[in-house]
Every structure is written in C-alpha cells, then in structure tokens.
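Participant: I am attaching a structure below and will ask some questions about it afterwards.
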Amino acid sequence: MDAALARLQEGAAAFVRLPITQRIALVESMRRGYAGIAKPSVHLACLAKRIPLGTPAEGEEWLSGPVITLTLLRQWHDALRAIARTGSTRVGGLRETIDSRVSVRVYPGGALDWAVFPSLRAEVHLRRGAAADQRASFYRDGHAGRPACVLVLGAGNVNAIPPLDVATKLFNEGKVCILKMHPVNAYLGPLLEQAFEHAIRQRFLAIVYGGAEEGAYLAAHPAVDEIHITGSDRTYEALVFGPPGPEQELRKAQRRPVLSKPVTAELGSISPVIVVPGDYRPRQLQWQADHIAGGVTNNASFNCNANKLLVTARGFGQGPELLRGIEAALARTPVRQAYYPGSEERWRELTARHRTVTASPGAADGALPWTLLPDLDPAADDEVAFRREPFCAILSHTSLPADDPVAFLEQAVRFLNERVWGTLSATVVVSPRSLRDPRVAVALEQALVDLRYGTVSLNLWAAWGFGIGTPWGGHPSTSAADIQSGAGFVHNTAMLEGVEKTVLRHPLTTFPKPVTSASHRTLHHVGPPLVALQASGSILRLPAAAGPALVG
C-alpha cells in the first residue's frame with residue numbers, strides 16, 4: 001500500500017495537468033478494457049452469489065456491472081469531447097422548479113440514450129443560487145487545483161460501484177485514486193487491474209485489497225488527501241468519529257471528528273415507494289406491483305436503493321389489490337442466496353417483532369424468503385423498520401390516514417422527511433387520471449421538490465438514477481454527525497455543480513416493461529447485446545438487444 005501511494009503521488013502532479021486529449025484517450029482505454037472483462041466479470045459474480053448461469057438473475061449481473069459501467073464511461077467520453085470542443089459539457093433545456101430554482105434536463109443526453117430508454121426523462125434540480133453554466137469547473141478554470149489522491153473504499157454489493165466511483169474522481173475532479181476492493185467482491189479486482197491497465201501504468205490508479213484494518217490504515221495515511229466511501233453509515237461514523245461507543249457519540253455531538261480529511265460518501269437508505277391514491281386500471285396496478293417487487297428482489301435486495309418501504313393511503317380502496325399483486329410477484333420470483341454478511345441476523349431481528357407475510361416460505365439453506373411486513377403503525381415512535389435499513393429481503397408497508405391525493409402527498413412528504421431514515425432515493429407512483437386535476441398536479445410538483453432525497457423518481461424504480469449518468473448520492477441536507485445516506489454526488493457525467501437532487505419522470509406503464517421488473521424472463525439475453533451497444537456507442541447494435549427485451 002505504501003508503494004502504491006508513492007507511485008500515485010508521482011502521478012498526481014502529472015494528472016492534474018494532463019491535456020484534455022489525453023484524458024479522452026484515458027477514458028477510451030478504460031472503456032475498451034472494461035468491455036474486454038465484461039463476460040468473465042459476470043461469470044465470477046454469478047459464482048460468488050451462487051446465481052445459475054442461463055437464468056434471468058444472471059442478467060442482473062450484466063446490467064449492474066458491465067452495462068452501467070460502459071454506459072457511463074461512454075457518457076464521460078462524450079462529455080470530455082464536448083469540453084475539448086466548447087469548453088464545457090452539453091446539457092438539455094432549462095426550466096424553473098415550482099419553487100423558482102433552476103432545473104436542467106440531462107437525460108436523454110443523446111440519440112443513443114433516447115433509443116435505449118425512450119420513455120425516461122431526467123432533470124437535475126440545482127440549489128438556490130446555482131446556475132446551469134456552473135459546471136465542469138475543473139476544466140473551466142484551466143485544470144485548477146492542487147494534485148490530490150483519493151482513497152476509494154469500494155462497495156461489495158454492486159460491481160459497477162468501484163469503477164464508477166474511481167471514474168468520478170478521475171474525470172470530474174482530476175484526482176488520482178487508490179481503490180481498496182471490498183472483501184465481498186475482491187474477485188473483481190484483478191479484472192479491473194486488467195481493464196484499467198493504462199491508468200495504472202501511468203500512476204493515476206492503484207488497486208489494493210484488504211478489510212477494515214487496511215482501510216483504516218489507508219484513510220490515516222499522509223499520502224491520502226481525500227476519502228470516498230460507498231457502504232454503511234456505521235462504517236462512515238467509525239472512520240470519521242472513531243470506534244462505536246460513548247466517545248464516538250460525544251465527538252458527534254461536539255462536531256469533533258477524528259479525521260480531518262474531506263470525506264464524500266454514498267451510504268444506505270430505507271428507500272420508499274409512495275403510491276398516491278387514485279383510480280388505477282387493473283393492468284396498471286399489476287404493472288406497478290411487478291415493478292415494485294423487482295425493486296425488492298434485484299440483487300437479492302442487497303442494494304442501498306432497494307424498495308424497502310411501501311407507503312399507501314389508508315382510504316385507498318385499491319391498496320389491498322396492490323399489496324396482493326406485490327406478494328404474488330414476490331412468490332413467483334426464485335429466492336436468492338443471502339451472500340452479504342450479516343443479512344440473516346438482520347432479517348431475524350426485523351421479522352421477530354412483526355406479523356409477516358412470507359411470499360416464499362420454502363427458502364433453502366443460505367437463502368432468505370421474500371418477506372412483507374404489512375400495516376406498520378406510522379405513529380409508532382419505536383418502529384425499527386422506519387429507522388434501520390434492512391439490507392435484506394424485506395419490504396415494509398405502512399398507510400397514512402389521508403385518502404385525498406393532495407393531503408396524502410403532504411402527509412407522505414412530512415412522514416418520510418421526519419420519521420424515515422435515509423436520504424438516497426424515493427419513488428412516487430401516481431395515476432395519470434389523478435394528474436388531470438390541477439390541484440394534484442401542483443401537489444405532485446411540490447412533493448418532488450420537498451422530498452429530501454438525492455433522487456426522486458416518478459412511476460419508475462428510483463434506482464434507475466444510479467445507472468444513467470445523473471448525479472447520484474444522498475440529499476445535501478445532512479451533516480457529518482447525522483450522515484444518513486451520505487454527502488456528495490458521484491456519476492454526474494454532465495459535471496453539474498450545486499446539485500440538490502435528480503428527478504426522473506416515466507409513464508405509469510410502458511411496453512416493453514423495464515428490465516428491472518420482477519417477472520422479466522429474458523434478462524440474461526438482454527445483457528450481452530447491451531454491453532456491445534454501450535461499448536461501441538453504435539445505435540446499429542440496438543436491434544440485438546431490443547429483440548429479447550420485447551419478449552421479456
């Protein structure tokens with residue numbers, strides 16, 4: 001580790017002054033290299049997670065590893081080329097939010113984005129006083145800033161996270177990186193060394209291995225200037241305020257960290273799905289039930305953005321039908337190996353005190369059943385499900401007393417902002433019939449602004465914000481002493497600054513259904529052609545992916 005940091009210190013001075021043409025060549029080399037390891041990385045992930053090859057679950061690994069990584073590397077390549085031509089990145093149209101702040105359209109960013117997902121739109125809400133032309137400052141100010149080395153503490157659950165955290169620091173901020181692989185997916189490290197060999201050889205990147213002890217050593221090392229962590233809030237607090245216990249609590253209360261270096265983080269969340277009461281057709285409810293369930297089952301529910309809390313209105317007559325649809329979708333989905341450490345203990349602790357609906361009672365050894373905790377009391381101050389992220393195969397449900405859509409949205413925003421832990425991502429489901437009422441349309445726009453989450457998505461699992469190049473991270477309303485879902489944004493290939501949140505907009509239903517729906521049957525056939533599409537950047541490769549997607 002010392003030798004790796006010594007090499008990076010030498011490379012940092014060169015990297016901060018690297019011409020834009022060489023940065024374009026660097027991201028292109030990383031893109032080609034990652035395309036070369038796509039298939040072996042998927043196979044190793046399936047082996048580690050005990051996923052049978054040739055099943056839809058294999059397709060999840062294609063999407064959450066190579067497809068997302070290559071999509072964003074392509075977008076960074078396009079962004080750097082735009083900077084070389086014009087001095088800045090390219091963004092879409094501007095508008096004002098309902099509270100008179102700037103909103104910037106960022107997705108689709110081009111023809112390929114639109115062709116892959118034509119029904120999705122994304123905008124970025126900026127903080128008050130920020131402007132859309134304040135972006136890509138590292139390049140706008142002539143590669144400003146001193147050389148810096150960032151320790152990236154990689155996540156173990158999703159294989160796109162470590163390379164994309166590194167790419168954010170390299171291309172958005174001009175900082176070299178030492179990436180410590182997580183023990184859970186350390187198998188990916190040698191493949192990343194192969195894929196990013198060009199960056200490593202130039203001393204812009206080093207990849208090392210180990211657990212908590214090695215991470216603590218690197219964090220305290222004088223050659224490390226900054227830290228980025230993707231993990232849990234407990235890991236963040238131990239790093240910043242010292243080991244758990246009374247002394248840590250005192251330091252947090254006094255705002256007296258033991259670590260003085262800048263720390264950015266993307267941490268966990270109890271990510272909610274808010275279903276606005278309205279008049280839904282049966283097929284619309286079925287579509288949403290399948291899609292909500294897919295946000296639970298994806299990656300065995302070991303996602304910080306997994307659907308974890310369903311919020312409905314007590315007077316919503318179609319609420320029981322929606323719950324039955326989610327339960328049925330979970331029951332049809334094969335259980336998954338509980339590969340992430342501590343998940344069985346968390347599942348037992350959270351289910352022991354609740355009446356549960358177990359959608360897959362025949363779970364084999366080492367697997368956890370898809371589990372619903374229904375009808376939690378929203379007024380219960382001691383409800384653990386509102387304060388502790390399950391990070392396992394559990395979806396909780398609560399209902400609020402309002403049945404009018406406007407009153408419900410107001411109550412839901414207040415409940416989630418004040419009572420539910422986490423600031424990462426939230427999904428809002430609303431009927432188009434309801435939006436014909438101007439009151440509801442205004443209340444929805446107000447809710448999208450007021451929800452304190454880094455990504456808020458309309459009618460689509462908010463995790464899509466992780467994979468399309470929009471800013472991804474916790475809402476910037478937290479502090480180091482109450483970090484919740486973290487600080488700072490990653491991805492952000494448009495290099496916007498002054499970001500408050502990303503808002504995704506999607507119809508209530510679409511055909512074909514999204515690849516993250518629980519019942520998707522051909523996901524493993526969609527992944528490889530999507531990798532080829534994003535690796536090449538050629539829209540001519542789209543038909544190979546469209547065929548299996550249409551029959552999914």
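By convention in this document, the chains of the structure tokens carry letters A, B, ... by their order, each chain's residues are numbered from 1, and ligands are numbered from 1 in the order they are shown.
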Quick one: residues within 8 Å of Lys261 (chain A), only C-alpha atoms, excluding same-chain residues fewer than 5 positions away - as JSON, numbers by chain?

Facilitator: {"A": [225, 226, 227]}

Participant: Write out as a count of residues only each polymer residue whose atoms come within 8 Å of Pro432 (chain A), counting only C-alpha atoms; drop sequence neighbours fewer than 3 positions from it.

Facilitator: 3

Participant: May I have a table of the residues of region 363-448 of chain A lying at most 9 Å from region 318-342 of chain A, giving each one's closest pair of atoms and their distance in Å to one decimal, counting only C-alpha atoms, ordered by chain and ascending residue number, as a Markdown table?

Facilitator:
```
| residue | atom | partner | partner_atom | distance |
| --- | --- | --- | --- | --- |
| A:Ala363 | CA | A:Val335 | CA | 6.4 |
| A:Ala364 | CA | A:Val335 | CA | 8.1 |
| A:Asp365 | CA | A:Gln337 | CA | 8.4 |
| A:Gly366 | CA | A:Gln337 | CA | 5.6 |
| A:Ala367 | CA | A:Gln337 | CA | 4.3 |
| A:Leu368 | CA | A:Ala338 | CA | 6.2 |
| A:Pro369 | CA | A:Val335 | CA | 6.1 |
| A:Trp370 | CA | A:Leu330 | CA | 6.2 |
| A:Thr371 | CA | A:Leu330 | CA | 8.4 |
| A:Leu372 | CA | A:Glu327 | CA | 7.6 |
| A:Pro374 | CA | A:Leu323 | CA | 8.8 |
| A:Phe391 | CA | A:Tyr340 | CA | 8.8 |
| A:Cys392 | CA | A:Ala338 | CA | 7.7 |
| A:Ala393 | CA | A:Ala338 | CA | 8.6 |
| A:His397 | CA | A:Leu323 | CA | 8.9 |
```

Participant: Generate the output file for the selected residues, N, CA, C and O atoms, as a PDB file, in the first residue's frame.

Facilitator:
```
ATOM      1  N   ALA A 363     -37.816 -21.297   1.396  1.00  0.00           N
ATOM      2  CA  ALA A 363     -36.449 -20.864   1.119  1.00  0.00           C
ATOM      3  C   ALA A 363     -35.447 -21.896   1.604  1.00  0.00           C
ATOM      4  O   ALA A 363     -35.540 -22.413   2.716  1.00  0.00           O
ATOM      5  N   ALA A 364     -34.475 -22.220   0.754  1.00  0.00           N
ATOM      6  CA  ALA A 364     -33.468 -23.224   1.083  1.00  0.00           C
ATOM      7  C   ALA A 364     -32.420 -22.642   2.022  1.00  0.00           C
ATOM      8  O   ALA A 364     -32.375 -21.436   2.275  1.00  0.00           O
ATOM      9  N   ASP A 365     -31.555 -23.506   2.524  1.00  0.00           N
ATOM     10  CA  ASP A 365     -30.477 -23.062   3.399  1.00  0.00           C
ATOM     11  C   ASP A 365     -29.611 -22.035   2.678  1.00  0.00           C
ATOM     12  O   ASP A 365     -29.248 -22.212   1.517  1.00  0.00           O
ATOM     13  N   GLY A 366     -29.297 -20.962   3.394  1.00  0.00           N
ATOM     14  CA  GLY A 366     -28.463 -19.922   2.817  1.00  0.00           C
ATOM     15  C   GLY A 366     -29.231 -18.876   2.039  1.00  0.00           C
ATOM     16  O   GLY A 366     -28.649 -17.889   1.593  1.00  0.00           O
ATOM     17  N   ALA A 367     -30.534 -19.079   1.849  1.00  0.00           N
ATOM     18  CA  ALA A 367     -31.375 -18.104   1.145  1.00  0.00           C
ATOM     19  C   ALA A 367     -32.387 -17.524   2.123  1.00  0.00           C
ATOM     20  O   ALA A 367     -32.760 -18.166   3.105  1.00  0.00           O
ATOM     21  N   LEU A 368     -32.818 -16.313   1.861  1.00  0.00           N
ATOM     22  CA  LEU A 368     -33.837 -15.672   2.683  1.00  0.00           C
ATOM     23  C   LEU A 368     -35.129 -15.549   1.888  1.00  0.00           C
ATOM     24  O   LEU A 368     -35.099 -15.226   0.702  1.00  0.00           O
ATOM     25  N   PRO A 369     -36.271 -15.777   2.530  1.00  0.00           N
ATOM     26  CA  PRO A 369     -37.545 -15.638   1.817  1.00  0.00           C
ATOM     27  C   PRO A 369     -37.880 -14.175   1.577  1.00  0.00           C
ATOM     28  O   PRO A 369     -37.542 -13.302   2.390  1.00  0.00           O
ATOM     29  N   TRP A 370     -38.530 -13.889   0.455  1.00  0.00           N
ATOM     30  CA  TRP A 370     -39.056 -12.545   0.233  1.00  0.00           C
ATOM     31  C   TRP A 370     -40.144 -12.309   1.276  1.00  0.00           C
ATOM     32  O   TRP A 370     -41.088 -13.093   1.395  1.00  0.00           O
ATOM     33  N   THR A 371     -40.012 -11.237   2.026  1.00  0.00           N
ATOM     34  CA  THR A 371     -40.842 -11.049   3.212  1.00  0.00           C
ATOM     35  C   THR A 371     -41.479  -9.662   3.219  1.00  0.00           C
ATOM     36  O   THR A 371     -40.801  -8.662   2.955  1.00  0.00           O
ATOM     37  N   LEU A 372     -42.764  -9.622   3.529  1.00  0.00           N
ATOM     38  CA  LEU A 372     -43.505  -8.368   3.639  1.00  0.00           C
ATOM     39  C   LEU A 372     -43.897  -8.155   5.098  1.00  0.00           C
ATOM     40  O   LEU A 372     -44.456  -9.057   5.735  1.00  0.00           O
ATOM     41  N   PRO A 374     -46.435  -6.045   6.835  1.00  0.00           N
ATOM     42  CA  PRO A 374     -47.566  -5.175   6.471  1.00  0.00           C
ATOM     43  C   PRO A 374     -48.082  -4.349   7.637  1.00  0.00           C
ATOM     44  O   PRO A 374     -47.884  -4.673   8.811  1.00  0.00           O
ATOM     45  N   PHE A 391     -31.385  -4.049   4.458  1.00  0.00           N
ATOM     46  CA  PHE A 391     -30.357  -4.587   3.563  1.00  0.00           C
ATOM     47  C   PHE A 391     -30.479  -6.107   3.469  1.00  0.00           C
ATOM     48  O   PHE A 391     -29.519  -6.855   3.575  1.00  0.00           O
ATOM     49  N   CYS A 392     -31.706  -6.547   3.263  1.00  0.00           N
ATOM     50  CA  CYS A 392     -32.005  -7.966   3.051  1.00  0.00           C
ATOM     51  C   CYS A 392     -33.404  -8.040   2.455  1.00  0.00           C
ATOM     52  O   CYS A 392     -34.014  -7.015   2.134  1.00  0.00           O
ATOM     53  N   ALA A 393     -33.956  -9.234   2.330  1.00  0.00           N
ATOM     54  CA  ALA A 393     -35.157  -9.492   1.531  1.00  0.00           C
ATOM     55  C   ALA A 393     -36.450  -9.100   2.248  1.00  0.00           C
ATOM     56  O   ALA A 393     -37.364  -9.919   2.412  1.00  0.00           O
ATOM     57  N   HIS A 397     -44.480  -2.077   4.978  1.00  0.00           N
ATOM     58  CA  HIS A 397     -45.626  -1.328   4.444  1.00  0.00           C
ATOM     59  C   HIS A 397     -46.294  -0.560   5.572  1.00  0.00           C
ATOM     60  O   HIS A 397     -46.446  -1.064   6.695  1.00  0.00           O
TER      61      HIS A 397
END
```

Participant: Given the choices A:Ala549, A:Val430, A:Ala12, A:Leu112, which gets closest to Thr509 (chain A) if the distance is worked out from only C-alpha atoms?

Facilitator: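 Smallest separation from Thr509 (chain A) among the options: A:Val430.
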
Participant: With distances taken over only C-alpha atoms, which of A:Thr478, A:Thr351, A:Gln202, A:Ser271 is nearest to Cys177 (chain A)?

Facilitator: A:Gln202

Participant: List the spatial neighbours of region 527-531 of chain A as a ChimeraX atom specification - criterion: any atom at most 8 Å away, only C-alpha atoms, same-chain residues fewer than 4 positions off excluded.

Facilitator: /A:35,38,59-60,62-63,66-67,70,523,535,541-542,544-545

Participant: For CA of Leu18 (chain A) and CA of Ala6 (chain A), determine how far apart the two atoms are, in Å to one decimal place.

Facilitator: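 Spanning CA of Leu18 (chain A) to CA of Ala6 (chain A) is a straight-line distance of 19.0 Å.
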
Participant: Using backbone DSSP assignments, extract all strand (DSSP E) residues from region 46-110 of chain A; output them as a ChimeraX atom specification.

Facilitator: /A:94-96,102-107

Participant: Mind writing the picked residues with all heavy atoms as an mmCIF file, in the first residue's frame?

Facilitator:
```cif
data_model
loop_
_atom_site.group_PDB
_atom_site.id
_atom_site.type_symbol
_atom_site.label_atom_id
_atom_site.label_comp_id
_atom_site.auth_asym_id
_atom_site.auth_seq_id
_atom_site.Cartn_x
_atom_site.Cartn_y
_atom_site.Cartn_z
ATOM 1 N N LEU A 94 -33.536 24.095 -20.010
ATOM 2 C CA LEU A 94 -33.663 24.601 -18.647
ATOM 3 C C LEU A 94 -35.119 24.978 -18.373
ATOM 4 O O LEU A 94 -35.844 25.383 -19.281
ATOM 5 C CB LEU A 94 -32.781 25.836 -18.439
ATOM 6 C CG LEU A 94 -31.303 25.723 -18.787
ATOM 7 C CD1 LEU A 94 -30.596 27.048 -18.475
ATOM 8 C CD2 LEU A 94 -30.648 24.576 -18.050
ATOM 9 N N ARG A 95 -35.503 24.833 -17.124
ATOM 10 C CA ARG A 95 -36.809 25.334 -16.699
ATOM 11 C C ARG A 95 -36.712 25.695 -15.229
ATOM 12 O O ARG A 95 -35.680 25.478 -14.590
ATOM 13 C CB ARG A 95 -37.915 24.302 -16.936
ATOM 14 C CG ARG A 95 -37.859 23.081 -16.052
ATOM 15 C CD ARG A 95 -39.071 22.180 -16.281
ATOM 16 N NE ARG A 95 -39.139 21.113 -15.289
ATOM 17 C CZ ARG A 95 -39.795 21.203 -14.135
ATOM 18 N NH1 ARG A 95 -40.409 22.337 -13.815
ATOM 19 N NH2 ARG A 95 -39.823 20.191 -13.290
ATOM 20 N N GLU A 96 -37.792 26.227 -14.670
ATOM 21 C CA GLU A 96 -37.837 26.549 -13.248
ATOM 22 C C GLU A 96 -38.638 25.495 -12.503
ATOM 23 O O GLU A 96 -39.678 25.016 -12.991
ATOM 24 C CB GLU A 96 -38.466 27.920 -13.013
ATOM 25 C CG GLU A 96 -37.515 29.083 -13.175
ATOM 26 C CD GLU A 96 -38.082 30.365 -12.577
ATOM 27 O OE1 GLU A 96 -39.263 30.361 -12.167
ATOM 28 O OE2 GLU A 96 -37.337 31.361 -12.519
ATOM 29 N N VAL A 102 -33.416 26.506 -10.576
ATOM 30 C CA VAL A 102 -33.068 26.041 -11.917
ATOM 31 C C VAL A 102 -33.164 24.525 -11.975
ATOM 32 O O VAL A 102 -32.676 23.805 -11.093
ATOM 33 C CB VAL A 102 -31.644 26.487 -12.304
ATOM 34 C CG1 VAL A 102 -31.254 25.911 -13.663
ATOM 35 C CG2 VAL A 102 -31.557 28.003 -12.317
ATOM 36 N N SER A 103 -33.808 24.024 -13.040
ATOM 37 C CA SER A 103 -33.880 22.594 -13.325
ATOM 38 C C SER A 103 -33.267 22.369 -14.699
ATOM 39 O O SER A 103 -33.625 23.043 -15.662
ATOM 40 C CB SER A 103 -35.332 22.109 -13.294
ATOM 41 O OG SER A 103 -35.427 20.758 -13.695
ATOM 42 N N VAL A 104 -32.333 21.415 -14.788
ATOM 43 C CA VAL A 104 -31.578 21.164 -16.018
ATOM 44 C C VAL A 104 -31.910 19.765 -16.527
ATOM 45 O O VAL A 104 -31.754 18.779 -15.796
ATOM 46 C CB VAL A 104 -30.055 21.253 -15.760
ATOM 47 C CG1 VAL A 104 -29.283 21.163 -17.072
ATOM 48 C CG2 VAL A 104 -29.700 22.503 -14.991
ATOM 49 N N ARG A 105 -32.366 19.660 -17.766
ATOM 50 C CA ARG A 105 -32.616 18.325 -18.336
ATOM 51 C C ARG A 105 -31.284 17.693 -18.725
ATOM 52 O O ARG A 105 -30.482 18.295 -19.430
ATOM 53 C CB ARG A 105 -33.527 18.404 -19.556
ATOM 54 C CG ARG A 105 -33.923 17.019 -20.079
ATOM 55 C CD ARG A 105 -34.887 17.095 -21.244
ATOM 56 N NE ARG A 105 -34.325 17.750 -22.407
ATOM 57 C CZ ARG A 105 -33.469 17.144 -23.256
ATOM 58 N NH1 ARG A 105 -33.094 15.893 -23.045
ATOM 59 N NH2 ARG A 105 -33.001 17.796 -24.293
ATOM 60 N N VAL A 106 -31.064 16.463 -18.260
ATOM 61 C CA VAL A 106 -29.783 15.792 -18.517
ATOM 62 C C VAL A 106 -29.931 14.420 -19.176
ATOM 63 O O VAL A 106 -28.948 13.853 -19.637
ATOM 64 C CB VAL A 106 -28.971 15.638 -17.212
ATOM 65 C CG1 VAL A 106 -28.501 16.996 -16.710
ATOM 66 C CG2 VAL A 106 -29.787 14.923 -16.133
ATOM 67 N N TYR A 107 -31.147 13.873 -19.189
ATOM 68 C CA TYR A 107 -31.342 12.570 -19.825
ATOM 69 C C TYR A 107 -32.661 12.581 -20.576
ATOM 70 O O TYR A 107 -33.665 13.026 -20.024
ATOM 71 C CB TYR A 107 -31.346 11.442 -18.788
ATOM 72 C CG TYR A 107 -31.299 10.060 -19.412
ATOM 73 C CD1 TYR A 107 -30.096 9.423 -19.640
ATOM 74 C CD2 TYR A 107 -32.469 9.411 -19.795
ATOM 75 C CE1 TYR A 107 -30.043 8.169 -20.226
ATOM 76 C CE2 TYR A 107 -32.427 8.171 -20.392
ATOM 77 C CZ TYR A 107 -31.210 7.546 -20.595
ATOM 78 O OH TYR A 107 -31.173 6.307 -21.189
#
```

Participant: In Å, how far is it from CA of Tyr209 (chain A) to CA of Leu424 (chain A)?

Facilitator: 27.5 Å

Participant: Near Arg505 (chain A), within 8 Å and counting only C-alpha atoms, which residues show up once chain neighbours fewer than 6 positions away are dropped, as a PDB file with N, CA and C atoms, in the first residue's frame?

Facilitator:
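See result_32.pdb below for the written result:
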```pdb
ATOM      1  N   LEU A 120     -37.971   7.525 -20.675  1.00  0.00           N
ATOM      2  CA  LEU A 120     -37.402   8.080 -19.449  1.00  0.00           C
ATOM      3  C   LEU A 120     -36.840   9.479 -19.691  1.00  0.00           C
ATOM      4  N   ARG A 121     -37.160  10.395 -18.780  1.00  0.00           N
ATOM      5  CA  ARG A 121     -36.578  11.726 -18.780  1.00  0.00           C
ATOM      6  C   ARG A 121     -36.009  12.004 -17.385  1.00  0.00           C
ATOM      7  N   ALA A 122     -34.932  12.758 -17.347  1.00  0.00           N
ATOM      8  CA  ALA A 122     -34.330  13.101 -16.057  1.00  0.00           C
ATOM      9  C   ALA A 122     -33.897  14.547 -16.068  1.00  0.00           C
ATOM     10  N   SER A 457     -38.047   9.627  -8.158  1.00  0.00           N
ATOM     11  CA  SER A 457     -38.470   9.116  -9.456  1.00  0.00           C
ATOM     12  C   SER A 457     -39.979   8.967  -9.518  1.00  0.00           C
ATOM     13  N   LEU A 458     -40.533   9.328 -10.657  1.00  0.00           N
ATOM     14  CA  LEU A 458     -41.975   9.230 -10.877  1.00  0.00           C
ATOM     15  C   LEU A 458     -42.281   7.979 -11.679  1.00  0.00           C
ATOM     16  N   ASN A 459     -42.992   7.021 -11.060  1.00  0.00           N
ATOM     17  CA  ASN A 459     -43.519   5.801 -11.698  1.00  0.00           C
ATOM     18  C   ASN A 459     -42.462   4.791 -12.109  1.00  0.00           C
ATOM     19  N   LEU A 460     -41.222   4.987 -11.730  1.00  0.00           N
ATOM     20  CA  LEU A 460     -40.142   4.067 -12.086  1.00  0.00           C
ATOM     21  C   LEU A 460     -39.235   3.921 -10.876  1.00  0.00           C
TER      22      LEU A 460
END
```

Participant: As a list in words, please: every residue in region 106-184 of chain A that DSSP puts in alpha helix (DSSP H).

Facilitator: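 Taking region 106-184 of chain A and keeping alpha helix (DSSP H) gives Ala111, Leu112, Asp113, Trp114, Ala115, Val116, Ser137, Phe138, Tyr139, Arg140, Ile161, Pro162, Pro163, Leu164, Asp165, Val166, Ala167 and Glu173 of chain A.
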
Participant: Which residue out of A:Val16, A:Ala195, A:Ala443, A:Leu72 has the minimum interatomic distance to Thr168 (chain A) when only C-alpha atoms are used?

Facilitator: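 Between A:Val16, A:Ala195, A:Ala443, A:Leu72, the residue approaching Thr168 (chain A) most closely is A:Leu72.
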
Participant: Which neighbours of Val296 (chain A) fall inside 7 Å, counting only C-alpha atoms, when residues of the same chain fewer than 4 positions from it are skipped, and could you give them as an MDAnalysis selection string?

Facilitator: chainID A and resid 292 301 306:307 393 395

Participant: Okay, now the selection with N, CA and C atoms, as a short mmCIF file (atom, residue, chain, number, x, y, z; two decimals), in the first residue's frame?

Facilitator:
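The result, written out as selection_22.cif:
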```cif
data_model
loop_
_atom_site.label_atom_id
_atom_site.label_comp_id
_atom_site.auth_asym_id
_atom_site.auth_seq_id
_atom_site.Cartn_x
_atom_site.Cartn_y
_atom_site.Cartn_z
N ILE A 292 -42.51 -2.81 -8.65
CA ILE A 292 -42.13 -2.57 -7.25
C ILE A 292 -41.45 -3.81 -6.67
N SER A 301 -31.88 -8.12 -3.03
CA SER A 301 -32.25 -6.98 -2.19
C SER A 301 -31.05 -6.36 -1.49
N ALA A 306 -32.73 -0.34 -2.86
CA ALA A 306 -33.82 -1.31 -2.97
C ALA A 306 -35.10 -0.75 -2.38
N ASN A 307 -36.25 -1.10 -2.97
CA ASN A 307 -37.53 -0.70 -2.40
C ASN A 307 -37.67 -1.34 -1.02
N ALA A 393 -33.96 -9.23 2.33
CA ALA A 393 -35.16 -9.49 1.53
C ALA A 393 -36.45 -9.10 2.25
N LEU A 395 -39.61 -6.08 2.60
CA LEU A 395 -40.34 -4.87 2.21
C LEU A 395 -41.36 -4.59 3.31
#
```

Participant: Could you work out how far CA of Val276 (chain A) lies from CA of Gln411 (chain A), giving the answer in Å with one decimal?

Facilitator: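 Computed distance, CA of Gln411 (chain A) to CA of Val276 (chain A), equals 11.0 Å.
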
Participant: List the spatial neighbours of Leu205 (chain A) as a list in words - criterion: any atom at most 6 Å away, only C-alpha atoms, same-chain residues fewer than 2 positions off excluded.

Facilitator: Val176, Cys177, Ile178, Ala199, Ile200 and Arg203 of chain A

Participant: Deliver the residues from the most recent selection as a file, using N, CA, C and O atoms, as a PDB file, in the first residue's frame.

Facilitator:
```pdb
ATOM      1  N   VAL A 176      -6.152  11.513  -8.672  1.00  0.00           N
ATOM      2  CA  VAL A 176      -5.774  10.106  -8.808  1.00  0.00           C
ATOM      3  C   VAL A 176      -6.401   9.317  -7.666  1.00  0.00           C
ATOM      4  O   VAL A 176      -6.811   9.876  -6.642  1.00  0.00           O
ATOM      5  N   CYS A 177      -6.490   8.000  -7.832  1.00  0.00           N
ATOM      6  CA  CYS A 177      -7.248   7.169  -6.889  1.00  0.00           C
ATOM      7  C   CYS A 177      -6.482   5.931  -6.480  1.00  0.00           C
ATOM      8  O   CYS A 177      -5.833   5.282  -7.310  1.00  0.00           O
ATOM      9  N   ILE A 178      -6.594   5.587  -5.208  1.00  0.00           N
ATOM     10  CA  ILE A 178      -6.237   4.257  -4.737  1.00  0.00           C
ATOM     11  C   ILE A 178      -7.544   3.572  -4.343  1.00  0.00           C
ATOM     12  O   ILE A 178      -8.273   4.052  -3.462  1.00  0.00           O
ATOM     13  N   ALA A 199      -4.412   3.255 -17.062  1.00  0.00           N
ATOM     14  CA  ALA A 199      -4.437   4.216 -15.953  1.00  0.00           C
ATOM     15  C   ALA A 199      -3.460   3.820 -14.858  1.00  0.00           C
ATOM     16  O   ALA A 199      -2.794   4.674 -14.251  1.00  0.00           O
ATOM     17  N   ILE A 200      -3.357   2.521 -14.584  1.00  0.00           N
ATOM     18  CA  ILE A 200      -2.438   2.050 -13.549  1.00  0.00           C
ATOM     19  C   ILE A 200      -0.991   2.279 -13.976  1.00  0.00           C
ATOM     20  O   ILE A 200      -0.149   2.720 -13.183  1.00  0.00           O
ATOM     21  N   ARG A 203       0.285   5.651 -13.417  1.00  0.00           N
ATOM     22  CA  ARG A 203       0.297   6.032 -11.994  1.00  0.00           C
ATOM     23  C   ARG A 203      -0.866   6.961 -11.642  1.00  0.00           C
ATOM     24  O   ARG A 203      -0.755   7.815 -10.767  1.00  0.00           O
TER      25      ARG A 203
END
```

Participant: Using only C-alpha atoms, which residues sit within 10 Å of Asp233 (chain A) once same-chain residues fewer than 5 positions away are excluded, as a list in words?

Facilitator: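 Non-adjacent residues within range: Ala238, Leu239, Ala265, Glu266, Leu267, Gly268, Ser269, Gly422, Asp482, Ile483, Gln484, Ser485 and Gly486 of chain A.
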
Participant: Nearest residue to Pro162 (chain A) out of A:Val275, A:Ala216, A:His491, A:Gly11, using only C-alpha atoms?

Facilitator: A:His491
